[in-house]
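**Student:** Here it is, the structure in full.
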Amino acid sequence: MANTPKVRKCLFPAAGYGTRFLPATKAMPKEMLPIVNKPLIQYGVEEALEAGITQIGFIVGRGKRAIADHFDTSYELEHQIKGTSKEKYLDDIREVIDKCDFLLMRQREMLGLGHAILTGEPMIGNEAFAVVLADDLCAAPTEKDDMRALGQLAKLYQRYQCSIIAIEEVPMEDTASYGIISGELIADGIYQVHDMVEKPKPENAPSNMAIIGRYILTPEIFSYLRKTKPGANGEIQITDALKLMAKEHQVLAVKFKGRRFDCGSVEGFIEATNYYYENVYKN
Ligand code: UTP
């Protein structure tokens, strides 16, 4: 296995239908919805950059132009606002565009998150990589020197060199909205994963530790994804592939520091908007 200790690449699956946000997501991916003045996917790419990752792969479906254009220079706009006070609004996106390389891959059929990740295989090759679901928005922890969730995972990867997924404790009645793990505590906030179940009812859930949208995966995941049969809804689930992998390889789950907002739901989106307006935008 040709793992490099440093994670260099990150996939952003963004080809889902985003049905909970219709009609806003009819012609554009939900990952382009803004929290205050910045689209979700830009927060995600900034988090990847903070984790030291500069090779960014977007897995897209319809509405791919919005993502491609956002991470490209808009000469017309640059020309319009050059030398004005408005230039500052482009500082963050300019930095991201300067520092990262971008690749767009098209998921031709929406066969689930696992299938979307498999679509990214040609970009990844044989090295560990990150996956960010941008609709899970991870805010910076309150401790000043801590990175956001992906940076915390990438740091742990250097030590453990295995697949590492981010988890969060959720209310027991919400387990049916998440992949849920069971495992053994091996260090502070770090679990060796034994089993995982996709969207269990509370009475069948092995715990309340829910997988959220940040992963570091070793490249063996692709062969497990190929072996994974579509679930009841016809989708290839990353949770099922990870469960197979956990039987033969070390898979860790980490309780990350910092708040996470489920921006794929209207309630989480509003909560994130209020939080970012008060704590990030106004500062
Ligand atoms: P979700 O389960 O949130 O589905 O996907 P969705 O279609 O985006 O949203 P709803 O539930 O209909 O409102 C989780 C992540 O996986 C991506 C989505 O873009 C999202 O980032 N995804 C899902 C794909 O890229 N391809 C798929 O076939 C399915």
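Ligands are numbered from 1 in the order shown, residues from 1 within each chain, and chains are lettered A, B, ... in the order they appear in the structure tokens.
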So that I can see what lies close to Thr142 of chain A, please list as a list in words the residues with an atom at most 10 Å from it, counting only C-alpha atoms and leaving out residues fewer than 3 positions away in the same chain.

**Tutor:**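 That gives Ala139, Asp145, Asp146, Met147, Arg148, Lys257, Gly258 and Arg259 of chain A.
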
**Student:** Do you know which residues are within 7 Å of ligand 1 using only C-alpha atoms and all ligand atoms? Can you write them as a list in words?

**Tutor:**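 My answer, listing the contacting residues, is Pro13, Ala14, Ala15, Gly16, Tyr17, Gly18, Thr19, Arg20, Phe21, Ile59, Val60, Gln107, Glu109, Met110, Leu111, Gly112, Leu113, His115, Ala116, Leu133, Ala134, Asp135 and Gly264 of chain A.
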
**Student:** Keeping C-alpha atoms for every residue in the selection just given, could you write it to a file as a PDB file, in the first residue's frame?

**Tutor:**
```pdb
ATOM      1  CA  PRO A  13     -19.451  14.992  -3.563  1.00  0.00           C
ATOM      2  CA  ALA A  14     -21.991  17.550  -4.737  1.00  0.00           C
ATOM      3  CA  ALA A  15     -24.185  15.645  -7.136  1.00  0.00           C
ATOM      4  CA  GLY A  16     -27.148  14.887  -4.845  1.00  0.00           C
ATOM      5  CA  TYR A  17     -30.618  16.136  -5.689  1.00  0.00           C
ATOM      6  CA  GLY A  18     -30.899  18.267  -2.527  1.00  0.00           C
ATOM      7  CA  THR A  19     -34.638  17.602  -2.422  1.00  0.00           C
ATOM      8  CA  ARG A  20     -35.051  19.159   1.019  1.00  0.00           C
ATOM      9  CA  PHE A  21     -34.129  22.525  -0.471  1.00  0.00           C
ATOM     10  CA  ILE A  59     -18.162  15.338  -7.987  1.00  0.00           C
ATOM     11  CA  VAL A  60     -20.980  17.111  -9.736  1.00  0.00           C
ATOM     12  CA  GLN A 107     -21.466  11.501 -11.624  1.00  0.00           C
ATOM     13  CA  GLU A 109     -26.235   8.530 -12.419  1.00  0.00           C
ATOM     14  CA  MET A 110     -27.125   9.516  -8.864  1.00  0.00           C
ATOM     15  CA  LEU A 111     -26.435   6.143  -7.286  1.00  0.00           C
ATOM     16  CA  GLY A 112     -25.546   7.414  -3.840  1.00  0.00           C
ATOM     17  CA  LEU A 113     -22.658   8.896  -1.878  1.00  0.00           C
ATOM     18  CA  HIS A 115     -20.957   5.780  -5.924  1.00  0.00           C
ATOM     19  CA  ALA A 116     -20.054   9.488  -5.993  1.00  0.00           C
ATOM     20  CA  LEU A 133     -19.771  16.822   2.479  1.00  0.00           C
ATOM     21  CA  ALA A 134     -20.111  20.568   2.302  1.00  0.00           C
ATOM     22  CA  ASP A 135     -23.698  20.569   3.564  1.00  0.00           C
ATOM     23  CA  GLY A 264     -28.861  19.996   4.253  1.00  0.00           C
TER      24      GLY A 264
END
```

**Student:** Suppose you want the space between atom CA of Asp98 of chain A and atom CA of Ala51 of chain A; what is it in Å?

**Tutor:** 16.1 Å

**Student:** Going by DSSP on the backbone, which bits of segment 39-263 of chain A are helix (DSSP H, G or I)? Write them as a PyMOL selection string, please.

**Tutor:** chain A and resi 40-50+64-70+75-81+85-99+113-119+121-124+149-160+172-177+202-204+221-227+238-248

**Student:** Could you please determine the separation between atom CA of Arg106 of chain A and atom CA of Gly52 of chain A in Å, to one decimal place?

**Tutor:** 25.1 Å
